[in-house]
>>> print(open('data.csv').read())   # CSV, C-alpha atoms
chain,number,residue,atom,x,y,z
A,1,MET,CA,27.6,9.6,-66.5
A,2,LEU,CA,25.8,7.1,-64.3
A,3,GLY,CA,28.3,5.1,-62.2
A,4,ARG,CA,27.8,1.3,-61.8
A,5,ARG,CA,26.1,1.9,-58.5
A,6,GLN,CA,23.4,4.0,-60.1
A,7,ILE,CA,22.9,1.4,-62.9
A,8,ARG,CA,22.5,-1.2,-60.2
A,9,GLU,CA,19.9,1.0,-58.5
A,10,LYS,CA,17.9,1.2,-61.7
A,11,VAL,CA,18.1,-2.6,-62.1
A,12,VAL,CA,16.9,-3.0,-58.5
A,13,GLN,CA,14.0,-0.5,-59.1
A,14,THR,CA,13.1,-2.3,-62.3
A,15,VAL,CA,13.1,-5.8,-60.7
A,16,TYR,CA,11.0,-4.5,-57.8
A,17,SER,CA,8.5,-3.1,-60.2
A,18,TYR,CA,8.4,-6.4,-62.1
A,19,GLU,CA,7.8,-8.5,-59.0
A,20,GLN,CA,4.8,-6.3,-58.2
A,21,ASN,CA,3.5,-6.2,-61.8
A,22,PRO,CA,5.1,-8.7,-64.2
A,23,ILE,CA,5.3,-7.6,-67.8
A,24,LYS,CA,7.2,-8.8,-70.9
A,25,PHE,CA,10.9,-8.6,-70.6
A,26,ASP,CA,11.4,-6.4,-73.7
A,27,VAL,CA,8.9,-3.9,-72.3
A,28,LEU,CA,10.5,-4.0,-68.9
A,29,GLU,CA,14.0,-3.4,-70.4
A,30,LYS,CA,12.6,-0.5,-72.5
A,31,ASN,CA,11.0,1.0,-69.4
A,32,MET,CA,14.3,0.7,-67.5
A,33,PHE,CA,16.3,2.6,-70.1
A,34,ALA,CA,13.4,5.2,-70.3
A,35,GLY,CA,13.8,5.7,-66.6
A,36,ILE,CA,17.5,6.2,-67.0
A,37,GLU,CA,16.8,8.9,-69.7
A,38,LYS,CA,14.3,10.6,-67.3
A,39,ILE,CA,17.2,11.1,-64.9
A,40,TYR,CA,19.0,13.1,-67.6
A,41,HIS,CA,15.9,15.2,-68.0
A,42,LEU,CA,15.8,15.8,-64.2
A,43,TYR,CA,19.5,16.7,-64.3
A,44,MET,CA,19.0,19.2,-67.1
A,45,TYR,CA,15.9,20.6,-65.3
A,46,GLN,CA,18.0,21.3,-62.2
A,47,ILE,CA,20.8,23.0,-64.2
A,48,ASN,CA,18.1,25.1,-65.9
A,49,PHE,CA,16.8,26.1,-62.5
A,50,LEU,CA,20.2,27.4,-61.6
A,51,VAL,CA,20.5,29.3,-64.9
A,52,SER,CA,16.9,30.7,-64.4
A,53,LEU,CA,17.9,32.1,-61.0
A,54,LYS,CA,20.6,34.1,-62.8
A,55,GLN,CA,18.1,35.2,-65.5
A,56,LEU,CA,15.6,36.2,-62.8
A,57,ALA,CA,18.2,38.3,-61.1
A,58,GLU,CA,19.0,40.0,-64.5
A,59,ASN,CA,15.3,40.6,-64.9
A,60,GLN,CA,15.1,42.2,-61.5
A,61,ILE,CA,18.0,44.5,-62.4
A,62,GLU,CA,16.2,45.6,-65.7
A,63,ILE,CA,13.0,46.3,-63.7
A,64,GLY,CA,15.0,48.5,-61.4
A,65,LYS,CA,16.6,50.4,-64.2
A,66,ASN,CA,13.2,51.2,-65.7
A,67,LYS,CA,11.6,52.5,-62.5
A,68,TYR,CA,10.5,56.1,-62.6
A,69,LEU,CA,11.9,56.8,-59.1
A,70,LYS,CA,15.2,55.0,-58.9
A,71,SER,CA,17.3,54.2,-55.8
A,72,ASP,CA,21.1,54.0,-55.8
A,73,SER,CA,20.9,50.2,-56.0
A,74,ASP,CA,18.7,50.6,-59.1
A,75,ILE,CA,21.1,53.0,-60.8
A,76,ASN,CA,24.2,51.0,-59.8
A,77,PRO,CA,23.0,47.4,-59.2
A,78,ASN,CA,25.3,44.8,-57.7
A,79,GLN,CA,26.0,42.4,-60.6
A,80,LYS,CA,28.2,39.9,-58.8
A,81,PHE,CA,25.6,37.2,-58.9
A,82,ILE,CA,24.7,37.6,-62.6
A,83,ASN,CA,28.4,37.7,-63.4
A,84,ASN,CA,29.1,34.5,-61.6
A,85,GLN,CA,31.4,32.6,-63.9
A,86,VAL,CA,30.0,29.2,-63.2
A,87,LEU,CA,26.4,30.3,-63.9
A,88,ILE,CA,27.6,31.9,-67.2
A,89,LYS,CA,29.3,28.7,-68.2
A,90,LEU,CA,26.2,26.7,-67.5
A,91,GLU,CA,24.0,29.2,-69.3
A,92,GLU,CA,26.2,29.2,-72.4
A,93,ASN,CA,26.8,25.4,-72.5
A,94,PRO,CA,25.8,24.3,-76.0
A,95,GLU,CA,24.6,20.9,-74.9
A,96,ARG,CA,22.2,22.5,-72.4
A,97,LEU,CA,21.0,25.0,-75.0
A,98,PHE,CA,20.4,22.3,-77.6
A,99,PHE,CA,18.7,19.7,-75.3
A,100,THR,CA,16.5,22.4,-73.7
A,101,GLY,CA,15.6,23.6,-77.2
A,102,GLN,CA,14.5,20.0,-78.0
A,103,HIS,CA,12.6,19.7,-74.7
A,104,LYS,CA,10.8,22.9,-73.9
A,105,GLU,CA,9.1,21.4,-70.9
A,106,LEU,CA,12.5,21.5,-69.1
A,107,LYS,CA,12.6,25.3,-69.3
A,108,TRP,CA,11.6,27.4,-66.3
A,109,ASP,CA,9.1,30.2,-66.6
A,110,LEU,CA,10.7,33.3,-64.8
A,111,HIS,CA,7.3,33.8,-63.2
A,112,ASP,CA,7.2,30.3,-61.8
A,113,ASP,CA,6.1,30.5,-58.1
A,114,LEU,CA,8.8,28.1,-56.9
A,115,LEU,CA,11.6,29.9,-58.8
A,116,VAL,CA,10.5,33.3,-57.5
A,117,LYS,CA,10.2,32.1,-53.9
A,118,THR,CA,13.6,30.4,-54.1
A,119,PHE,CA,15.2,33.5,-55.5
A,120,GLN,CA,13.6,35.6,-52.7
A,121,ARG,CA,14.8,33.2,-50.0
A,122,MET,CA,18.3,33.0,-51.5
A,123,SER,CA,18.7,36.7,-51.9
A,124,ALA,CA,17.6,37.3,-48.3
A,125,GLY,CA,20.0,34.7,-47.0
A,126,LYS,CA,23.3,35.6,-45.2
A,127,ARG,CA,25.4,33.5,-47.6
A,128,TYR,CA,24.1,35.3,-50.6
A,129,GLN,CA,24.5,38.7,-49.0
A,130,ASP,CA,28.0,38.0,-47.9
A,131,PHE,CA,28.9,36.8,-51.4
A,132,MET,CA,27.5,40.0,-52.9
A,133,LYS,CA,29.6,42.1,-50.6
A,134,GLU,CA,32.9,40.5,-51.5
A,135,GLU,CA,35.2,42.5,-53.7
A,136,GLY,CA,36.3,41.2,-57.1
A,137,TYR,CA,35.7,37.9,-58.9
A,138,SER,CA,37.3,34.6,-58.3
A,139,PHE,CA,36.4,31.4,-60.2
A,140,GLU,CA,37.1,29.3,-57.2
A,141,GLU,CA,34.8,31.4,-55.0
A,142,ASP,CA,32.1,31.5,-57.7
A,143,GLN,CA,32.3,27.7,-57.9
A,144,LYS,CA,32.1,27.2,-54.2
A,145,PHE,CA,29.2,29.6,-53.8
A,146,ILE,CA,27.1,27.9,-56.6
A,147,GLY,CA,27.9,24.5,-55.1
A,148,LYS,CA,26.6,25.5,-51.7
A,149,LEU,CA,23.6,27.4,-53.3
A,150,PHE,CA,22.7,24.2,-55.2
A,151,LEU,CA,22.8,22.1,-52.0
A,152,ARG,CA,20.8,24.6,-49.9
A,153,TYR,CA,18.1,25.6,-52.3
A,154,ILE,CA,17.7,22.6,-54.7
A,155,ALA,CA,19.3,19.3,-53.4
A,156,GLU,CA,18.1,19.8,-49.8
A,157,ASN,CA,14.9,21.9,-50.6
A,158,ASP,CA,11.8,19.9,-49.6
A,159,ASP,CA,9.6,22.2,-51.6
A,160,PHE,CA,11.7,21.6,-54.7
A,161,HIS,CA,11.4,17.8,-54.1
A,162,ASP,CA,7.6,18.0,-53.8
A,163,TYR,CA,7.4,20.0,-56.9
A,164,LEU,CA,9.5,17.4,-58.8
A,165,SER,CA,7.4,14.5,-57.5
A,166,ASP,CA,4.2,16.2,-58.8
A,167,LYS,CA,5.8,16.8,-62.2
A,168,GLU,CA,7.3,13.3,-62.7
A,169,LEU,CA,6.7,10.5,-60.2
A,170,SER,CA,9.9,8.6,-60.9
A,171,TRP,CA,12.0,11.7,-60.1
A,172,SER,CA,11.4,11.4,-56.4
A,173,ASP,CA,13.3,8.1,-56.4
A,174,ASP,CA,16.1,9.4,-58.6
A,175,ILE,CA,16.7,12.9,-57.3
A,176,HIS,CA,19.8,11.8,-55.3
A,177,ILE,CA,21.4,10.6,-58.6
A,178,ALA,CA,20.6,13.8,-60.4
A,179,ASN,CA,21.9,15.8,-57.4
A,180,SER,CA,25.2,14.0,-57.6
A,181,MET,CA,25.4,14.7,-61.3
A,182,VAL,CA,24.8,18.4,-60.9
A,183,GLN,CA,27.4,18.6,-58.1
A,184,LYS,CA,30.0,16.9,-60.2
A,185,THR,CA,29.2,19.2,-63.2
A,186,ILE,CA,29.8,22.2,-61.0
A,187,GLY,CA,33.0,20.8,-59.6
A,188,PHE,CA,34.4,19.7,-63.0
A,189,LEU,CA,34.1,23.2,-64.5
A,190,LYS,CA,37.4,24.9,-65.3
A,191,GLU,CA,38.1,28.6,-65.4
A,192,ASP,CA,40.1,28.5,-68.6
A,193,GLU,CA,38.1,25.8,-70.5
A,194,GLU,CA,34.8,26.1,-72.3
A,195,SER,CA,31.9,24.2,-70.7
A,196,ARG,CA,31.0,21.9,-73.6
A,197,THR,CA,30.0,18.5,-72.4
A,198,LEU,CA,27.6,17.8,-69.6
A,199,ILE,CA,27.5,14.4,-67.9
A,200,LYS,CA,26.2,11.5,-70.0
A,201,MET,CA,23.8,8.9,-68.7
A,202,LEU,CA,25.6,5.8,-70.0
A,203,LYS,CA,29.3,6.0,-70.7
A,204,ASP,CA,29.3,3.4,-73.6
A,205,GLU,CA,27.8,0.2,-74.8
A,206,GLU,CA,29.6,-1.7,-72.0
A,207,ASP,CA,27.5,0.1,-69.4
A,208,LYS,CA,24.3,-0.6,-71.4
A,209,SER,CA,25.3,-4.2,-71.7
A,210,PHE,CA,26.0,-4.4,-68.0
A,211,ALA,CA,22.5,-3.1,-67.2
A,212,MET,CA,20.8,-5.5,-69.6
A,213,LYS,CA,22.7,-8.5,-68.5
A,214,LEU,CA,22.2,-7.8,-64.8
A,215,LEU,CA,18.5,-7.3,-65.2
A,216,ARG,CA,18.0,-10.5,-67.2
A,217,ASN,CA,20.3,-12.6,-64.8
A,218,THR,CA,18.4,-11.3,-61.8
A,219,LEU,CA,15.0,-12.2,-63.2
A,220,ASP,CA,16.0,-15.5,-64.7
A,221,SER,CA,17.6,-16.7,-61.4
A,222,TRP,CA,14.9,-15.3,-59.1
A,223,GLU,CA,13.6,-18.7,-57.8
A,224,SER,CA,17.1,-20.2,-57.4
A,225,ASN,CA,18.3,-17.1,-55.6
A,226,GLU,CA,15.3,-17.3,-53.2
A,227,LYS,CA,16.5,-20.9,-52.4
A,228,LYS,CA,20.1,-19.6,-51.8
A,229,LEU,CA,18.7,-16.9,-49.5
A,230,GLN,CA,16.5,-19.4,-47.6
A,231,GLU,CA,19.5,-21.6,-47.0
A,232,ARG,CA,21.3,-18.8,-45.3
A,233,LEU,CA,18.5,-17.5,-43.1
A,234,GLU,CA,18.9,-18.3,-39.5
A,235,ASN,CA,15.8,-18.7,-37.4
A,236,TRP,CA,13.9,-16.6,-40.0
A,237,ASP,CA,11.3,-17.5,-42.6
A,238,LEU,CA,11.7,-16.3,-46.2
A,239,ASP,CA,8.1,-15.0,-46.2
A,240,ARG,CA,9.2,-12.5,-43.5
A,241,VAL,CA,11.9,-10.9,-45.7
A,242,SER,CA,10.6,-7.8,-47.4
A,243,LEU,CA,10.3,-7.7,-51.1
A,244,MET,CA,12.8,-4.9,-51.4
A,245,ASP,CA,15.4,-6.9,-49.4
A,246,LYS,CA,14.7,-9.9,-51.6
A,247,VAL,CA,15.2,-7.8,-54.8
A,248,ILE,CA,18.5,-6.3,-53.5
A,249,LEU,CA,19.8,-9.7,-52.4
A,250,SER,CA,18.7,-11.4,-55.6
A,251,SER,CA,20.4,-8.7,-57.8
A,252,ALA,CA,23.6,-9.0,-55.7
A,253,ILE,CA,23.7,-12.8,-55.9
A,254,ALA,CA,23.0,-12.6,-59.7
A,255,GLU,CA,25.9,-10.2,-60.0
A,256,LEU,CA,28.2,-12.4,-57.8
A,257,ASP,CA,27.4,-15.4,-59.9
A,258,ASN,CA,27.6,-13.8,-63.4
A,259,PHE,CA,30.3,-11.2,-63.1
A,260,PRO,CA,33.3,-13.1,-61.8
A,261,PHE,CA,35.8,-10.3,-62.5
A,262,THR,CA,34.2,-7.8,-60.1
A,263,PRO,CA,35.5,-8.4,-56.6
A,264,SER,CA,32.9,-9.7,-54.1
A,265,ARG,CA,33.6,-6.9,-51.6
A,266,VAL,CA,32.9,-4.3,-54.3
A,267,ILE,CA,29.6,-5.9,-55.1
A,268,ILE,CA,28.6,-6.3,-51.5
A,269,ASN,CA,29.5,-2.7,-50.6
A,270,GLU,CA,27.5,-1.4,-53.6
A,271,TYR,CA,24.3,-3.3,-52.6
A,272,ILE,CA,24.7,-2.2,-49.0
A,273,GLU,CA,24.7,1.4,-50.2
A,274,ILE,CA,21.6,0.7,-52.3
A,275,ALA,CA,19.9,-0.8,-49.3
A,276,LYS,CA,20.5,2.5,-47.4
A,277,VAL,CA,18.6,4.3,-50.1
A,278,PHE,CA,15.7,2.0,-50.8
A,279,ALA,CA,15.3,-0.4,-47.8
A,280,THR,CA,14.7,-0.1,-44.1
A,281,ASP,CA,17.1,1.2,-41.5
A,282,ARG,CA,18.6,-2.2,-40.6
A,283,SER,CA,18.4,-3.8,-44.1
A,284,ASN,CA,22.0,-2.9,-44.9
A,285,ILE,CA,23.2,-5.0,-41.9
A,286,PHE,CA,21.0,-7.9,-42.9
A,287,ILE,CA,22.1,-7.8,-46.5
A,288,ASN,CA,25.7,-7.5,-45.6
A,289,GLY,CA,25.4,-10.6,-43.4
A,290,ILE,CA,23.7,-12.7,-46.1
A,291,LEU,CA,26.0,-11.7,-48.9
A,292,ASP,CA,29.1,-12.2,-46.8
A,293,LYS,CA,28.0,-15.7,-45.8
A,294,TYR,CA,27.2,-16.5,-49.5
A,295,CYS,CA,30.6,-15.4,-50.7
A,296,LYS,CA,32.4,-17.4,-47.9
A,297,ASP,CA,30.3,-20.5,-48.8
A,298,LEU,CA,31.4,-20.2,-52.5
A,299,ASN,CA,34.9,-19.1,-51.6
A,300,ARG,CA,34.1,-16.1,-53.8
A,301,ILE,CA,36.9,-13.5,-53.7
>>> encode(input="data.csv", output="C-alpha cells")
Amino acid sequence: MLGRRQIREKVVQTVYSYEQNPIKFDVLEKNMFAGIEKIYHLYMYQINFLVSLKQLAENQIEIGKNKYLKSDSDINPNQKFINNQVLIKLEENPERLFFTGQHKELKWDLHDDLLVKTFQRMSAGKRYQDFMKEEGYSFEEDQKFIGKLFLRYIAENDDFHDYLSDKELSWSDDIHIANSMVQKTIGFLKEDEESRTLIKMLKDEEDKSFAMKLLRNTLDSWESNEKKLQERLENWDLDRVSLMDKVILSSAIAELDNFPFTPSRVIINEYIEIAKVFATDRSNIFINGILDKYCKDLNRI
C-alpha cells in the first residue's frame, strides 16, 4: 500500500498542479485519486515486465529445441532462470492475472524491443551468468537475485524510465513509488506461502480520508499559510521562494495545524524527504528551517 509519505507526495503534486492551473475541487480530487490508481498500473506493469523476462527465456528455450541443428545447450537447456521460485510466484499470482486480464495494455509483447534488449543485456551480464552456474535451488538466493535484477534492469534503467515517460507522463514522477512497491513485493514473498495479495494503493478509508482532508486543508489555507511563511523568512522576499517550496511548506503547515496527533518531527521529516524528490538541492534545508521555526513558535510538539 502507499505509505503516508507517498500520499503526502500525491497531495503536493496535486496542489502544485492546481496552483499552475486552478480547477474545481471535485475535479482536482478526482484527478488525485486517478493519479494514485495510475501508480498501481505502473506497479503492475513492472511486475509484468519481470514475468515477461521469464516467458521470453522460456520462448528462447523452445526455439532452441526446435532447431534443425541443435547444440548441447539446445538439447539440455539451463532452466535455472525460468524455474526461479520468485518469478513463478509472481507469474501465478491470481491478482496479477486478473488485473492484467482487465487491463490488456499492461501486458508486454514478447517481441517488444525494450524487453528483448533488456533480456539480452541481462543474460550477457556476469550476475546472471554466475546465477545460472550455481548448483541447486534456494528460495533465498532466487529472491536475492530477482531483487538485484529488478534494481539493475528496471528501477535504475534509464531506457526503461524513458519508455515509461513516453507511455504515461505521470509515471516519470511516480516511478520511485512503484519501484519501492515492487521491491517490497519481492521481499515479502515466502517460500511456503502462496503469493495471493499484491500491495494495495490505499490501505483503507482512513488513508483516503487523510488524502482528501490534507488536500482540502492545504488549498483552503493557502493565503494564510503564505503569511505564516512570510513572517518566518529572514532577509528574503516571498516572491523569491519557488512555487514547489511554497507548496511543500503550505502542505506541511496545513498538516501541522489540522492533524494534532501526528508528532511535528514526523511531519517535518516527511516533507524534508518530499523536498529531496521534487525540489532543488538545498530546498530540504530551507524547508526544515522554516518548519522547525514554525513549530517552536507554536510550541507544537
>>> closest_residue(input="data.csv", among="A:Trp108, A:Phe160, A:Phe278, A:Tyr16", to="Asp173 (chain A)", atoms="only C-alpha atoms")
A:Phe278
>>> closest_atom_pairs(input="data.csv", of="region 148-226 of chain A", to="region 85-92 of chain A", cutoff="9 Å", atoms="only C-alpha atoms", output="tab-separated table")
residue	atom	partner	partner_atom	distance
A:Ile186	CA	A:Val86	CA	7.3
A:Leu189	CA	A:Val86	CA	7.4
A:Lys190	CA	A:Val86	CA	8.8
A:Glu191	CA	A:Gln85	CA	7.9
A:Glu194	CA	A:Lys89	CA	7.3
A:Ser195	CA	A:Lys89	CA	5.8
A:Arg196	CA	A:Glu92	CA	8.8
>>> atom_distance(input="data.csv", atom1="CA of Phe150 (chain A)", atom2="CA of Asn284 (chain A)")
29.0 Å
>>> atom_distance(input="data.csv", atom1="CA of Leu202 (chain A)", atom2="CA of Leu219 (chain A)")
22.0 Å
>>> residues_around(input="data.csv", residues="Leu28 (chain A)", least_positions_apart="6", cutoff="12 Å", atoms="all atoms listed in the file", output="PyMOL selection string")
chain A and resi 10-11+13-19+21-22+34-35+212+215-216+219
>>> atom_distance(input="data.csv", atom1="CA of Ser138 (chain A)", atom2="CA of Met181 (chain A)")
23.4 Å
>>> closest_residue(input="data.csv", among="A:Lys148, A:Arg8, A:Lys293, A:Lys104", to="Ile36 (chain A)", atoms="all atoms listed in the file")
A:Arg8
>>> residues_around(input="data.csv", residues="Lys276 (chain A)", least_positions_apart="6", cutoff="12 Å", atoms="only C-alpha atoms", output="number ranges by chain")
A: 9, 244-245, 248, 269-270, 282-288
>>> closest_residue(input="data.csv", among="A:Lys30, A:Lys117, A:Lys228, A:Lys133", to="Asp159 (chain A)", atoms="only C-alpha atoms")
A:Lys117
>>> residues_around(input="data.csv", residues="Leu56 (chain A)", least_positions_apart="5", cutoff="8 Å", atoms="only C-alpha atoms", output="PyMOL selection string")
chain A and resi 110+116+119
>>> closest_residue(input="data.csv", among="A:His111, A:Lys38, A:Lys213, A:His161", to="Ala57 (chain A)", atoms="all atoms listed in the file")
A:His111
>>> closest_residue(input="data.csv", among="A:Gln46, A:Ala178, A:Asp142, A:Arg300", to="Phe259 (chain A)", atoms="all atoms listed in the file")
A:Arg300
>>> closest_residue(input="data.csv", among="A:Phe49, A:Phe81, A:Phe33, A:Phe139", to="Ile61 (chain A)", atoms="all atoms listed in the file")
A:Phe81
>>> residues_around(input="data.csv", residues="Arg152 (chain A)", least_positions_apart="4", cutoff="12 Å", atoms="only C-alpha atoms", output="PyMOL selection string")
chain A and resi 118-119+121-122+125+127-128+145-148+156-160+179
>>> residues_around(input="data.csv", residues="Ser224 (chain A)", least_positions_apart="2", cutoff="12 Å", atoms="all atoms listed in the file", output="PDB file with C-alpha atoms, in the coordinates of the input")
ATOM      1  CA  ASN A 217      20.300 -12.600 -64.800  1.00  0.00           C
ATOM      2  CA  THR A 218      18.400 -11.300 -61.800  1.00  0.00           C
ATOM      3  CA  LEU A 219      15.000 -12.200 -63.200  1.00  0.00           C
ATOM      4  CA  ASP A 220      16.000 -15.500 -64.700  1.00  0.00           C
ATOM      5  CA  SER A 221      17.600 -16.700 -61.400  1.00  0.00           C
ATOM      6  CA  TRP A 222      14.900 -15.300 -59.100  1.00  0.00           C
ATOM      7  CA  GLU A 226      15.300 -17.300 -53.200  1.00  0.00           C
ATOM      8  CA  LYS A 227      16.500 -20.900 -52.400  1.00  0.00           C
ATOM      9  CA  LYS A 228      20.100 -19.600 -51.800  1.00  0.00           C
ATOM     10  CA  LEU A 229      18.700 -16.900 -49.500  1.00  0.00           C
ATOM     11  CA  GLN A 230      16.500 -19.400 -47.600  1.00  0.00           C
ATOM     12  CA  GLU A 231      19.500 -21.600 -47.000  1.00  0.00           C
ATOM     13  CA  LEU A 249      19.800  -9.700 -52.400  1.00  0.00           C
ATOM     14  CA  SER A 250      18.700 -11.400 -55.600  1.00  0.00           C
ATOM     15  CA  SER A 251      20.400  -8.700 -57.800  1.00  0.00           C
ATOM     16  CA  ILE A 253      23.700 -12.800 -55.900  1.00  0.00           C
ATOM     17  CA  ALA A 254      23.000 -12.600 -59.700  1.00  0.00           C
ATOM     18  CA  ASP A 257      27.400 -15.400 -59.900  1.00  0.00           C
TER      19      ASP A 257
END
